[in-house]
Amino acid sequence: MPLKKNLKQMLFWLLAFTLFIAVYQNVKNIEKEKELPYSEFKAKVKAGEVLKVTMRPDLIKGEYKEGDKTAAFRTIPLNDDKLVEDMNAGGVKSYSGEADKSWITSLIINLGWIAVFVFLWWFLFFRQAQMGGKQAMSFGKSRAKQQDLKKQKVTFKDVAGCDETKDELMDIVDYLKNPKKYRMLGGELPKGVLLYGPPGTGKTLLARAIAGEAGVPFFTSSGSEFVEMFVGVGASRVRDLFERAKKSAPAIVFVDELDAVARARFAGIGGGHDEREQTLNQMLVELDGFESNEGIILIGATNRPDVLDPALLRPGRFDRRINVPVPDIKGRTEILQVHARKVKMGPDTDLSIIARHTPGFVGADLANIVNEAAIMAAKKERKVVEQKDIEEAIEKMIAGPQRKSRIISEKEKKIVAYHEAGHALVARLLPGCDPVHKVSIIPRGPALGYTLQLPLEDKYLTSKSEILNKLSVLLGGRAAEELTFHDVTTGATDDLSKVTSYAQKMVTEFGMSEKIGTISLKKDESEVFLGRDLMRQPGYSNETAKNVDDEVKRIVLECLVKTKEILTVNKKALDAIAAALVEKEVIDAAEMDTLMKGLEPEGVKSC
Ligand code: ADP
Ligand code: MG
Ligand code: ZN
């Protein structure tokens with residue numbers, strides 16, 4: 001089929017080329033013939049310079065002597081009876097008549113033009129329409145691309161920091177490569193593998209790496225490709241995708257962002273019979289339909305395994321669920337190493353320090369940091385990326401880009417300085433708080449100033465006292481403003497919303513309030529927007545609701561009192577830090593140490 005098409009195309013171009021050459025030759029010939037006025041022609045005949053003449057009713061062509069060369073000429077004949085006589089007299093060696101072929105020429109030229117127009121019309125309209133038709137015909141075809149394994153450059157080496165995940169995936173690849181080994185003992189191959197984990201942890205990257213490593217055809221598509229306006233299109237695309245995969249089995253089918261099609265079905269707003277449900281049903285049918293020995297494995301990826309339809313997750317369908325976790329410190333170091341290979345790193349860079357400063361960051365964040373650092377180094381015309389570029393990139397990522405252009409009045413600067421000094425001082429004095437890494441009153445993103453605390457290690461558990469201390473640190477800004485200026489500003493808005501949400505979680509989720517007790521009042525928040533939970537009651541009484549509010553208020557208030565106490569006792573230190581901030585705008589941990597010398601209090605207990 002493609003060969004035929006190629007042949008046609010070649011023929012077409014050959015024809016076009018020939019036509020072009022013919023026209024060109026013609027034009028060239030015309031150019032070569034010199035157009036003479038009749039009088040001059042006559043003069044040349046009389047002078048004996050003309051060698052040859054061909055006569056047509058509408059044209060006289062011929063050759064004449066020009067120096068020692070001969071040149072071609074043409075001229076328009078006049079009604080001249082004596083021309084033959086003159087030619088004889090002038091010694092023209094050969095003269096002859098010619099039939100009038102001009103109409104043939106003009107016919108050919110006109111036909112040529114018509115052909116050009118027909119061709120253009122065909123090209124513009126007919127072909128377009130045909131293509132459009134083809135597209136319409138392939139509407140229900142899957143758009144999944146089969147990855148070219150030779151072009152595939154991503155391997156498991158490019159994915160760092162999730163060794164367990166990789167091991168599990170390796171097993172699957174092994175299944176596909178040596179199915180006999182597993183079937184001998186009667187085991188069944190998995191049909192579906194679900195990669196789940198927060199965004200940016202490398203799920204898509206892992207799938208691409210599998211494509212590179214597995215050595216079998218790999219069909220990649222995305223959940224959104226199956227959601228079209230027309231009911232039934234998605235389902236037909238799913239069918240088509242699996243058909244294609246079956247033809248080239250053993251194969252892997254990858255559906256990214258699976259939640260786009262496989263959300264739980266529900267009889268909510270819009271009714272149950274929507275396009276997505278049909279698509280999902282078709283997927284279930286396909287999953288059930290192929291026997292595990294057909295050698296097709298469906299890999300899905302999602303950030304939201306909680307919203308997937310339970311039917312999809314039952315054994316025999318996506319029976320393998322593989323978590324792609326947020327990387328720990330070791331993982332982060334490895335991920336940074338992977339990405340640092342692509343940029344020129346200076347000798348002073350230490351990726352393990354960067355990894356320590358980026359708890360909770362996922363692979364995508366870390367890739368972004370390295371990239372930002374490289375851009376920043378290039379902007380400053382450095383030859384290599386230095387540690388400070390990476391640090392700056394982290395800060396930009398956490399707090400937004402620096403906004404040096406924002407002009408702040410002296411008065412506001414002082415307020416911001418006290419606010420941040422309050423955060424920093426409380427964080428430093430309360431035990432168990434993350435160490436203060438940097439305090440700044442240079443605006444960044446939406447914030448006027450910020451205090452950067454970085455934990456010493458990854459933490460998976462947080463104790464009640466640690467949360468309370470965190471609340472105190474958050475309230476430190478507001479408390480410092482109040483103590484110093486006896487007035488408060490809107491600067492604490494963001495702090496307060498965080499405080500409130502933490503306190504609420506303590507009471508309703510963590511069981512950290514004695515009055516409410518160790519029960520969870522957490523609402524299931526998934527899918528509320530789809531109407532499933534619109535009618536759901538909160539699940540507890542009004543009295544409990546009031547108690548929750550009281551407890552939240554009590555916790556926040558107690559922390560605020562405690563915070564104010566700490567700051568009052570350490571007012572001198574607060575003044576010192578704030579003054580330093582107004583002067584330098586940024587102070588780091590070491591500078592804070594120096595400032596605090598001699599001002600360190602005897603010890604503060606957490607609340
Ligand atoms: P997800 O699909 O989980 O949302 P992606 O796979 O699209 O995340 O990751 C986005 C980018 O982040 C990748 O292209 C890669 O550059 C980087 N990245 C994420 N996780 C890792 C990892 N574990 N190792 C190396 N790079 C990673
Ligand atoms: Mg992805
Ligand atoms: Zn604040």
# chains A, B, ... in the order shown; residues from 1 in each chain; ligands from 1
call {"tool": "residues_near_ligand", "arguments": {"ligand": "ligand 1", "cutoff": "9 Å", "atoms": "only C-alpha atoms and all ligand atoms", "output": "number ranges by chain"}}
result
A: 156-162, 195-208, 256-257, 301-303, 324-327, 331-332, 334-339, 362-368
call {"tool": "residues_around", "arguments": {"residues": "A:Gly97", "least_positions_apart": "4", "cutoff": "12 Å", "atoms": "only C-alpha atoms", "output": "ChimeraX atom specification"}}
result
/A:52-62,84,101
call {"tool": "write_last_selection", "arguments": {"atoms": "N, CA, C and O atoms", "output": "PDB file, in the first residue's frame"}}
result
ATOM      1  N   LYS A  52      19.202  32.024 -43.853  1.00  0.00           N
ATOM      2  CA  LYS A  52      18.130  31.039 -43.924  1.00  0.00           C
ATOM      3  C   LYS A  52      16.835  31.678 -43.443  1.00  0.00           C
ATOM      4  O   LYS A  52      16.852  32.454 -42.481  1.00  0.00           O
ATOM      5  N   VAL A  53      15.739  31.328 -44.114  1.00  0.00           N
ATOM      6  CA  VAL A  53      14.450  31.922 -43.719  1.00  0.00           C
ATOM      7  C   VAL A  53      13.361  30.858 -43.747  1.00  0.00           C
ATOM      8  O   VAL A  53      13.298  30.049 -44.656  1.00  0.00           O
ATOM      9  N   THR A  54      12.554  30.818 -42.723  1.00  0.00           N
ATOM     10  CA  THR A  54      11.362  29.968 -42.715  1.00  0.00           C
ATOM     11  C   THR A  54      10.169  30.893 -42.555  1.00  0.00           C
ATOM     12  O   THR A  54      10.131  31.692 -41.618  1.00  0.00           O
ATOM     13  N   MET A  55       9.217  30.737 -43.476  1.00  0.00           N
ATOM     14  CA  MET A  55       8.112  31.692 -43.457  1.00  0.00           C
ATOM     15  C   MET A  55       6.797  31.043 -43.088  1.00  0.00           C
ATOM     16  O   MET A  55       6.474  29.950 -43.566  1.00  0.00           O
ATOM     17  N   ARG A  56       6.086  31.732 -42.222  1.00  0.00           N
ATOM     18  CA  ARG A  56       4.738  31.337 -41.850  1.00  0.00           C
ATOM     19  C   ARG A  56       3.866  32.549 -42.064  1.00  0.00           C
ATOM     20  O   ARG A  56       4.385  33.667 -42.059  1.00  0.00           O
ATOM     21  N   PRO A  57       2.571  32.377 -42.249  1.00  0.00           N
ATOM     22  CA  PRO A  57       1.750  33.563 -42.462  1.00  0.00           C
ATOM     23  C   PRO A  57       1.904  34.567 -41.319  1.00  0.00           C
ATOM     24  O   PRO A  57       1.803  35.770 -41.538  1.00  0.00           O
ATOM     25  N   ASP A  58       2.166  34.064 -40.129  1.00  0.00           N
ATOM     26  CA  ASP A  58       2.167  34.988 -38.999  1.00  0.00           C
ATOM     27  C   ASP A  58       3.578  35.236 -38.469  1.00  0.00           C
ATOM     28  O   ASP A  58       3.749  35.986 -37.527  1.00  0.00           O
ATOM     29  N   LEU A  59       4.582  34.555 -39.019  1.00  0.00           N
ATOM     30  CA  LEU A  59       5.902  34.702 -38.421  1.00  0.00           C
ATOM     31  C   LEU A  59       6.984  34.377 -39.438  1.00  0.00           C
ATOM     32  O   LEU A  59       6.833  33.475 -40.269  1.00  0.00           O
ATOM     33  N   ILE A  60       8.057  35.122 -39.376  1.00  0.00           N
ATOM     34  CA  ILE A  60       9.236  34.782 -40.177  1.00  0.00           C
ATOM     35  C   ILE A  60      10.370  34.502 -39.212  1.00  0.00           C
ATOM     36  O   ILE A  60      10.650  35.308 -38.325  1.00  0.00           O
ATOM     37  N   LYS A  61      10.985  33.298 -39.369  1.00  0.00           N
ATOM     38  CA  LYS A  61      12.112  32.964 -38.516  1.00  0.00           C
ATOM     39  C   LYS A  61      13.310  32.692 -39.407  1.00  0.00           C
ATOM     40  O   LYS A  61      13.150  32.414 -40.600  1.00  0.00           O
ATOM     41  N   GLY A  62      14.487  32.742 -38.858  1.00  0.00           N
ATOM     42  CA  GLY A  62      15.633  32.418 -39.694  1.00  0.00           C
ATOM     43  C   GLY A  62      16.948  32.688 -38.992  1.00  0.00           C
ATOM     44  O   GLY A  62      16.977  32.887 -37.773  1.00  0.00           O
ATOM     45  N   VAL A  84      10.424  37.572 -51.895  1.00  0.00           N
ATOM     46  CA  VAL A  84      11.135  36.441 -52.500  1.00  0.00           C
ATOM     47  C   VAL A  84      12.196  36.962 -53.480  1.00  0.00           C
ATOM     48  O   VAL A  84      13.333  36.501 -53.493  1.00  0.00           O
ATOM     49  N   LYS A 101       1.367  26.559 -37.421  1.00  0.00           N
ATOM     50  CA  LYS A 101       1.178  25.649 -36.281  1.00  0.00           C
ATOM     51  C   LYS A 101       0.802  26.410 -35.013  1.00  0.00           C
ATOM     52  O   LYS A 101       0.772  25.852 -33.941  1.00  0.00           O
TER      53      LYS A 101
END
call {"tool": "residues_around", "arguments": {"residues": "A:Ser501", "least_positions_apart": "5", "cutoff": "12 Å", "atoms": "only C-alpha atoms", "output": "PyMOL selection string"}}
result
chain A and resi 467+471+474+494-496+506-509+549+552-553+555-556
call {"tool": "closest_residue", "arguments": {"among": "A:Ala424, A:Ala211, A:Leu258, A:Leu461", "to": "ligand 2", "atoms": "only C-alpha atoms and all ligand atoms"}}
result
A:Leu258
call {"tool": "closest_residue", "arguments": {"among": "A:Ile108, A:Asp575, A:Ile415, A:Ile210", "to": "A:Thr490", "atoms": "only C-alpha atoms"}}
result
A:Ile415
call {"tool": "atom_distance", "arguments": {"atom1": "atom CA of A:Ile390", "atom2": "atom CA of A:Ala373"}}
result
4.9 Å
call {"tool": "atom_distance", "arguments": {"atom1": "atom CA of A:Leu521", "atom2": "atom CA of A:Leu308"}}
result
23.5 Å
call {"tool": "residues_around", "arguments": {"residues": "A:Val173", "least_positions_apart": "6", "cutoff": "12 Å", "atoms": "only C-alpha atoms", "output": "compact mmCIF listing (two decimals) with all heavy atoms, in the first residue's frame"}}
result
# COMPACT_ATOMS: atom_id res chain seq x y z
N PHE A 156 16.03 2.08 32.62
CA PHE A 156 15.86 2.11 34.08
C PHE A 156 16.97 2.92 34.74
O PHE A 156 16.81 3.37 35.87
CB PHE A 156 15.84 0.68 34.63
CG PHE A 156 14.48 0.05 34.56
CD1 PHE A 156 14.31 -1.26 34.21
CD2 PHE A 156 13.34 0.80 34.88
CE1 PHE A 156 13.05 -1.84 34.15
CE2 PHE A 156 12.08 0.23 34.82
CZ PHE A 156 11.94 -1.08 34.44
N LYS A 166 11.27 -0.40 40.76
CA LYS A 166 11.95 -0.90 39.56
C LYS A 166 12.05 -2.42 39.59
O LYS A 166 11.83 -3.08 38.58
CB LYS A 166 13.35 -0.28 39.47
CG LYS A 166 13.33 1.08 38.83
CD LYS A 166 14.71 1.46 38.33
CE LYS A 166 15.57 2.02 39.42
NZ LYS A 166 16.85 2.55 38.93
N ASP A 167 12.38 -2.96 40.79
CA ASP A 167 12.50 -4.41 40.90
C ASP A 167 11.19 -5.09 40.49
O ASP A 167 11.18 -6.06 39.75
CB ASP A 167 12.85 -4.81 42.34
CG ASP A 167 14.31 -4.51 42.63
OD1 ASP A 167 15.05 -4.26 41.65
OD2 ASP A 167 14.69 -4.52 43.81
N PRO A 179 7.68 -16.40 29.52
CA PRO A 179 6.39 -16.81 30.09
C PRO A 179 6.38 -18.29 30.50
O PRO A 179 5.72 -18.65 31.47
CB PRO A 179 5.39 -16.53 28.96
CG PRO A 179 6.20 -16.37 27.74
CD PRO A 179 7.58 -15.98 28.13
N LEU A 189 0.20 -15.08 34.58
CA LEU A 189 0.85 -13.77 34.48
C LEU A 189 -0.15 -12.70 34.89
O LEU A 189 -1.35 -12.86 34.71
CB LEU A 189 1.29 -13.51 33.04
CG LEU A 189 2.11 -14.57 32.36
CD1 LEU A 189 2.63 -14.03 31.04
CD2 LEU A 189 3.27 -14.99 33.23
N PRO A 190 0.35 -11.62 35.43
CA PRO A 190 -0.57 -10.53 35.76
C PRO A 190 -1.11 -9.92 34.47
O PRO A 190 -0.43 -9.93 33.45
CB PRO A 190 0.29 -9.54 36.51
CG PRO A 190 1.67 -9.80 36.05
CD PRO A 190 1.74 -11.26 35.72
N VAL A 193 -1.12 -3.88 35.53
CA VAL A 193 -0.23 -3.35 36.56
C VAL A 193 -0.57 -1.89 36.74
O VAL A 193 -0.63 -1.14 35.76
CB VAL A 193 1.25 -3.48 36.12
CG1 VAL A 193 2.15 -2.90 37.17
CG2 VAL A 193 1.59 -4.91 35.83
N ALA A 207 7.33 4.07 32.90
CA ALA A 207 6.70 3.35 31.79
C ALA A 207 7.55 3.45 30.54
O ALA A 207 7.72 2.48 29.81
CB ALA A 207 5.31 3.92 31.54
N ALA A 209 10.70 3.80 30.51
CA ALA A 209 11.88 2.96 30.73
C ALA A 209 11.54 1.50 30.46
O ALA A 209 12.34 0.78 29.87
CB ALA A 209 12.38 3.14 32.16
N ILE A 210 10.35 1.08 30.85
CA ILE A 210 9.95 -0.31 30.57
C ILE A 210 9.96 -0.54 29.08
O ILE A 210 10.46 -1.55 28.59
CB ILE A 210 8.54 -0.60 31.12
CG1 ILE A 210 8.51 -0.43 32.63
CG2 ILE A 210 8.12 -2.02 30.77
CD1 ILE A 210 7.13 -0.55 33.19
N ALA A 211 9.41 0.44 28.34
CA ALA A 211 9.40 0.31 26.88
C ALA A 211 10.80 0.09 26.36
O ALA A 211 11.03 -0.69 25.45
CB ALA A 211 8.79 1.55 26.25
N GLY A 212 11.75 0.80 26.98
CA GLY A 212 13.12 0.66 26.52
C GLY A 212 13.76 -0.66 26.93
O GLY A 212 14.64 -1.15 26.24
N GLU A 213 13.31 -1.22 28.04
CA GLU A 213 13.98 -2.40 28.57
C GLU A 213 13.32 -3.71 28.15
O GLU A 213 13.97 -4.73 28.06
CB GLU A 213 14.00 -2.35 30.10
CG GLU A 213 14.67 -1.11 30.67
CD GLU A 213 16.12 -1.35 30.99
OE1 GLU A 213 16.51 -2.51 31.16
OE2 GLU A 213 16.86 -0.36 31.05
N ALA A 214 12.01 -3.65 27.95
CA ALA A 214 11.28 -4.91 27.80
C ALA A 214 11.61 -5.62 26.50
O ALA A 214 11.59 -6.84 26.44
CB ALA A 214 9.78 -4.65 27.88
N GLY A 215 11.87 -4.84 25.46
CA GLY A 215 12.17 -5.47 24.18
C GLY A 215 10.94 -6.08 23.52
O GLY A 215 11.05 -6.97 22.70
N VAL A 216 9.76 -5.63 23.91
CA VAL A 216 8.54 -6.06 23.23
C VAL A 216 7.81 -4.79 22.77
O VAL A 216 8.08 -3.72 23.28
CB VAL A 216 7.61 -6.88 24.16
CG1 VAL A 216 8.30 -8.13 24.64
CG2 VAL A 216 7.14 -6.04 25.33
N PRO A 217 6.90 -4.93 21.81
CA PRO A 217 6.15 -3.75 21.37
C PRO A 217 5.45 -3.06 22.54
O PRO A 217 4.93 -3.73 23.43
CB PRO A 217 5.14 -4.31 20.38
CG PRO A 217 5.75 -5.55 19.90
CD PRO A 217 6.55 -6.11 21.03
N PHE A 218 5.45 -1.77 22.50
CA PHE A 218 4.94 -0.98 23.62
C PHE A 218 3.98 0.06 23.06
O PHE A 218 4.38 0.93 22.29
CB PHE A 218 6.13 -0.31 24.30
CG PHE A 218 5.80 0.37 25.59
CD1 PHE A 218 5.86 -0.32 26.79
CD2 PHE A 218 5.45 1.71 25.61
CE1 PHE A 218 5.57 0.30 27.99
CE2 PHE A 218 5.15 2.33 26.81
CZ PHE A 218 5.22 1.63 27.99
N PRO A 250 3.85 -10.90 22.26
CA PRO A 250 3.69 -10.24 23.54
C PRO A 250 3.94 -8.73 23.45
O PRO A 250 4.85 -8.32 22.75
CB PRO A 250 4.76 -10.91 24.40
CG PRO A 250 5.79 -11.37 23.44
CD PRO A 250 5.07 -11.70 22.18
N ALA A 251 3.09 -8.00 24.15
CA ALA A 251 3.20 -6.55 24.05
C ALA A 251 2.76 -5.91 25.36
O ALA A 251 2.12 -6.55 26.21
CB ALA A 251 2.31 -6.04 22.92
N ILE A 252 3.14 -4.67 25.52
CA ILE A 252 2.71 -3.90 26.69
C ILE A 252 1.85 -2.75 26.22
O ILE A 252 2.17 -2.06 25.24
CB ILE A 252 3.93 -3.36 27.46
CG1 ILE A 252 4.79 -4.51 27.99
CG2 ILE A 252 3.50 -2.46 28.60
CD1 ILE A 252 6.06 -4.05 28.64
N GLY A 295 -0.08 -12.86 26.50
CA GLY A 295 1.15 -12.06 26.55
C GLY A 295 0.94 -10.57 26.38
O GLY A 295 1.78 -9.88 25.82
N ILE A 296 -0.21 -10.10 26.84
CA ILE A 296 -0.38 -8.65 26.84
C ILE A 296 -0.49 -8.19 28.28
O ILE A 296 -1.23 -8.78 29.06
CB ILE A 296 -1.65 -8.24 26.08
CG1 ILE A 296 -1.51 -8.63 24.63
CG2 ILE A 296 -1.89 -6.75 26.21
CD1 ILE A 296 -2.78 -8.49 23.87
N ILE A 297 0.25 -7.16 28.61
CA ILE A 297 0.14 -6.61 29.96
C ILE A 297 -0.27 -5.16 29.83
O ILE A 297 0.29 -4.39 29.04
CB ILE A 297 1.47 -6.76 30.72
CG1 ILE A 297 1.68 -8.24 31.05
CG2 ILE A 297 1.46 -5.93 31.99
CD1 ILE A 297 2.86 -8.52 31.91
N LEU A 298 -1.29 -4.82 30.57
CA LEU A 298 -1.76 -3.44 30.57
C LEU A 298 -1.15 -2.73 31.77
O LEU A 298 -1.30 -3.18 32.90
CB LEU A 298 -3.29 -3.42 30.67
CG LEU A 298 -3.95 -2.06 30.80
CD1 LEU A 298 -3.69 -1.20 29.58
CD2 LEU A 298 -5.46 -2.22 30.99
N ILE A 299 -0.45 -1.64 31.51
CA ILE A 299 0.11 -0.86 32.61
C ILE A 299 -0.64 0.46 32.66
O ILE A 299 -0.76 1.15 31.65
CB ILE A 299 1.61 -0.59 32.41
CG1 ILE A 299 2.38 -1.92 32.34
CG2 ILE A 299 2.17 0.27 33.54
CD1 ILE A 299 3.85 -1.75 32.15
call {"tool": "residues_near_ligand", "arguments": {"ligand": "ligand 3", "cutoff": "12 Å", "atoms": "only C-alpha atoms and all ligand atoms", "output": "VMD selection string"}}
result
chain A and resid 415 to 424 426 439 to 441 446 to 452 471 to 481 488 to 499
call {"tool": "select_by_dssp", "arguments": {"residues": "stretch 142-257 of chain A", "states": "strand (DSSP E)", "output": "list of chain:residue names"}}
result
A:Lys145, A:Gln146, A:Gly192, A:Val193, A:Leu194, A:Leu195, A:Tyr196, A:Phe218, A:Phe219, A:Thr220, A:Ser221, A:Ser222, A:Ala251, A:Ile252, A:Val253, A:Phe254, A:Val255, A:Asp256
call {"tool": "write_last_selection", "arguments": {"atoms": "all heavy atoms", "output": "tab-separated table (two decimals), in the first residue's frame"}}
result
chain	number	residue	atom	x	y	z
A	145	LYS	N	0.31	5.28	20.28
A	145	LYS	CA	1.49	5.18	19.45
A	145	LYS	C	2.28	3.95	19.85
A	145	LYS	O	2.40	3.66	21.03
A	145	LYS	CB	2.36	6.42	19.64
A	145	LYS	CG	1.75	7.64	19.02
A	145	LYS	CD	2.55	8.86	19.36
A	145	LYS	CE	2.35	9.37	20.76
A	145	LYS	NZ	1.03	9.84	21.10
A	146	GLN	N	2.78	3.27	18.86
A	146	GLN	CA	3.69	2.19	19.21
A	146	GLN	C	5.08	2.77	19.25
A	146	GLN	O	5.56	3.36	18.29
A	146	GLN	CB	3.62	1.07	18.17
A	146	GLN	CG	4.53	-0.06	18.56
A	146	GLN	CD	4.38	-1.26	17.66
A	146	GLN	OE1	3.53	-1.30	16.79
A	146	GLN	NE2	5.20	-2.25	17.88
A	192	GLY	N	-2.90	-6.77	34.54
A	192	GLY	CA	-2.81	-5.32	34.65
A	192	GLY	C	-1.88	-4.92	35.78
A	192	GLY	O	-1.86	-5.54	36.83
A	193	VAL	N	-1.12	-3.88	35.53
A	193	VAL	CA	-0.23	-3.35	36.56
A	193	VAL	C	-0.57	-1.89	36.74
A	193	VAL	O	-0.63	-1.14	35.76
A	193	VAL	CB	1.25	-3.48	36.12
A	193	VAL	CG1	2.15	-2.90	37.17
A	193	VAL	CG2	1.59	-4.91	35.83
A	194	LEU	N	-0.82	-1.50	37.95
A	194	LEU	CA	-1.18	-0.11	38.19
A	194	LEU	C	-0.04	0.59	38.91
A	194	LEU	O	0.35	0.19	40.01
A	194	LEU	CB	-2.45	-0.04	39.04
A	194	LEU	CG	-2.98	1.37	39.27
A	194	LEU	CD1	-3.45	1.99	37.97
A	194	LEU	CD2	-4.11	1.35	40.28
A	195	LEU	N	0.51	1.62	38.28
A	195	LEU	CA	1.53	2.45	38.94
A	195	LEU	C	0.81	3.62	39.57
A	195	LEU	O	0.12	4.36	38.88
A	195	LEU	CB	2.51	2.98	37.90
A	195	LEU	CG	3.41	1.98	37.21
A	195	LEU	CD1	4.20	2.68	36.12
A	195	LEU	CD2	4.35	1.35	38.20
A	196	TYR	N	0.95	3.76	40.86
A	196	TYR	CA	0.30	4.90	41.47
A	196	TYR	C	1.26	5.62	42.40
A	196	TYR	O	2.17	5.03	42.97
A	196	TYR	CB	-0.98	4.49	42.20
A	196	TYR	CG	-0.75	3.67	43.45
A	196	TYR	CD1	-0.72	4.27	44.70
A	196	TYR	CD2	-0.54	2.30	43.36
A	196	TYR	CE1	-0.50	3.52	45.84
A	196	TYR	CE2	-0.32	1.55	44.49
A	196	TYR	CZ	-0.30	2.15	45.73
A	196	TYR	OH	-0.07	1.41	46.84
A	218	PHE	N	5.45	-1.77	22.50
A	218	PHE	CA	4.94	-0.98	23.62
A	218	PHE	C	3.98	0.06	23.06
A	218	PHE	O	4.38	0.93	22.29
A	218	PHE	CB	6.13	-0.31	24.30
A	218	PHE	CG	5.80	0.37	25.59
A	218	PHE	CD1	5.86	-0.32	26.79
A	218	PHE	CD2	5.45	1.71	25.61
A	218	PHE	CE1	5.57	0.30	27.99
A	218	PHE	CE2	5.15	2.33	26.81
A	218	PHE	CZ	5.22	1.63	27.99
A	219	PHE	N	2.73	-0.05	23.42
A	219	PHE	CA	1.73	0.90	22.94
A	219	PHE	C	1.43	1.89	24.04
A	219	PHE	O	1.02	1.50	25.13
A	219	PHE	CB	0.44	0.18	22.54
A	219	PHE	CG	0.63	-0.77	21.39
A	219	PHE	CD1	1.02	-2.07	21.61
A	219	PHE	CD2	0.44	-0.33	20.09
A	219	PHE	CE1	1.21	-2.94	20.56
A	219	PHE	CE2	0.62	-1.18	19.03
A	219	PHE	CZ	1.01	-2.49	19.26
A	220	THR	N	1.64	3.16	23.74
A	220	THR	CA	1.41	4.13	24.79
A	220	THR	C	0.24	5.05	24.42
A	220	THR	O	0.11	5.49	23.29
A	220	THR	CB	2.67	4.95	25.10
A	220	THR	OG1	2.31	6.11	25.81
A	220	THR	CG2	3.39	5.35	23.85
A	221	SER	N	-0.62	5.27	25.40
A	221	SER	CA	-1.75	6.17	25.17
A	221	SER	C	-2.08	6.83	26.50
A	221	SER	O	-1.52	6.48	27.52
A	221	SER	CB	-2.95	5.39	24.66
A	221	SER	OG	-3.38	4.51	25.68
A	222	SER	N	-2.98	7.78	26.44
A	222	SER	CA	-3.33	8.48	27.66
A	222	SER	C	-4.84	8.41	27.88
A	222	SER	O	-5.59	8.40	26.92
A	222	SER	CB	-2.88	9.93	27.55
A	222	SER	OG	-3.47	10.68	28.57
A	251	ALA	N	3.09	-8.00	24.15
A	251	ALA	CA	3.20	-6.55	24.05
A	251	ALA	C	2.76	-5.91	25.36
A	251	ALA	O	2.12	-6.55	26.21
A	251	ALA	CB	2.31	-6.04	22.92
A	252	ILE	N	3.14	-4.67	25.52
A	252	ILE	CA	2.71	-3.90	26.69
A	252	ILE	C	1.85	-2.75	26.22
A	252	ILE	O	2.17	-2.06	25.24
A	252	ILE	CB	3.93	-3.36	27.46
A	252	ILE	CG1	4.79	-4.51	27.99
A	252	ILE	CG2	3.50	-2.46	28.60
A	252	ILE	CD1	6.06	-4.05	28.64
A	253	VAL	N	0.72	-2.59	26.88
A	253	VAL	CA	-0.14	-1.45	26.59
A	253	VAL	C	-0.07	-0.53	27.80
A	253	VAL	O	-0.30	-0.96	28.92
A	253	VAL	CB	-1.60	-1.88	26.37
A	253	VAL	CG1	-2.48	-0.67	26.15
A	253	VAL	CG2	-1.70	-2.83	25.21
A	254	PHE	N	0.27	0.73	27.55
A	254	PHE	CA	0.39	1.67	28.66
A	254	PHE	C	-0.68	2.74	28.54
A	254	PHE	O	-0.82	3.37	27.50
A	254	PHE	CB	1.78	2.31	28.65
A	254	PHE	CG	1.98	3.38	29.68
A	254	PHE	CD1	1.79	3.10	31.02
A	254	PHE	CD2	2.35	4.66	29.32
A	254	PHE	CE1	1.96	4.09	31.98
A	254	PHE	CE2	2.54	5.65	30.28
A	254	PHE	CZ	2.34	5.36	31.61
A	255	VAL	N	-1.46	2.91	29.60
A	255	VAL	CA	-2.45	3.98	29.62
A	255	VAL	C	-2.08	4.93	30.74
A	255	VAL	O	-2.19	4.61	31.92
A	255	VAL	CB	-3.88	3.44	29.85
A	255	VAL	CG1	-4.88	4.59	29.82
A	255	VAL	CG2	-4.24	2.42	28.79
A	256	ASP	N	-1.61	6.11	30.35
A	256	ASP	CA	-1.21	7.12	31.34
A	256	ASP	C	-2.47	7.84	31.83
A	256	ASP	O	-3.48	7.87	31.14
A	256	ASP	CB	-0.27	8.12	30.67
A	256	ASP	CG	0.69	8.76	31.67
A	256	ASP	OD1	0.52	8.50	32.87
A	256	ASP	OD2	1.59	9.49	31.25
call {"tool": "closest_residue", "arguments": {"among": "A:Asp163, A:Glu583, A:Val307, A:Asp259", "to": "ligand 2", "atoms": "only C-alpha atoms and all ligand atoms"}}
result
A:Asp259
call {"tool": "select_by_dssp", "arguments": {"residues": "stretch 300-470 of chain A", "states": "alpha helix (DSSP H)", "output": "ChimeraX atom specification"}}
result
/A:310-313,329-340,351-356,363-379,387-399,410-429,464-470
call {"tool": "closest_residue", "arguments": {"among": "A:Val118, A:Leu78, A:Leu599, A:Val238", "to": "A:Leu429", "atoms": "only C-alpha atoms"}}
result
A:Leu599
call {"tool": "residues_around", "arguments": {"residues": "A:Gln387", "least_positions_apart": "5", "cutoff": "7 Å", "atoms": "only C-alpha atoms", "output": "PyMOL selection string"}}
result
chain A and resi 348-350
call {"tool": "residues_around", "arguments": {"residues": "A:Met376", "least_positions_apart": "2", "cutoff": "9 Å", "atoms": "only C-alpha atoms", "output": "number ranges by chain"}}
result
A: 371-374, 378-382, 385, 389-390, 392-393
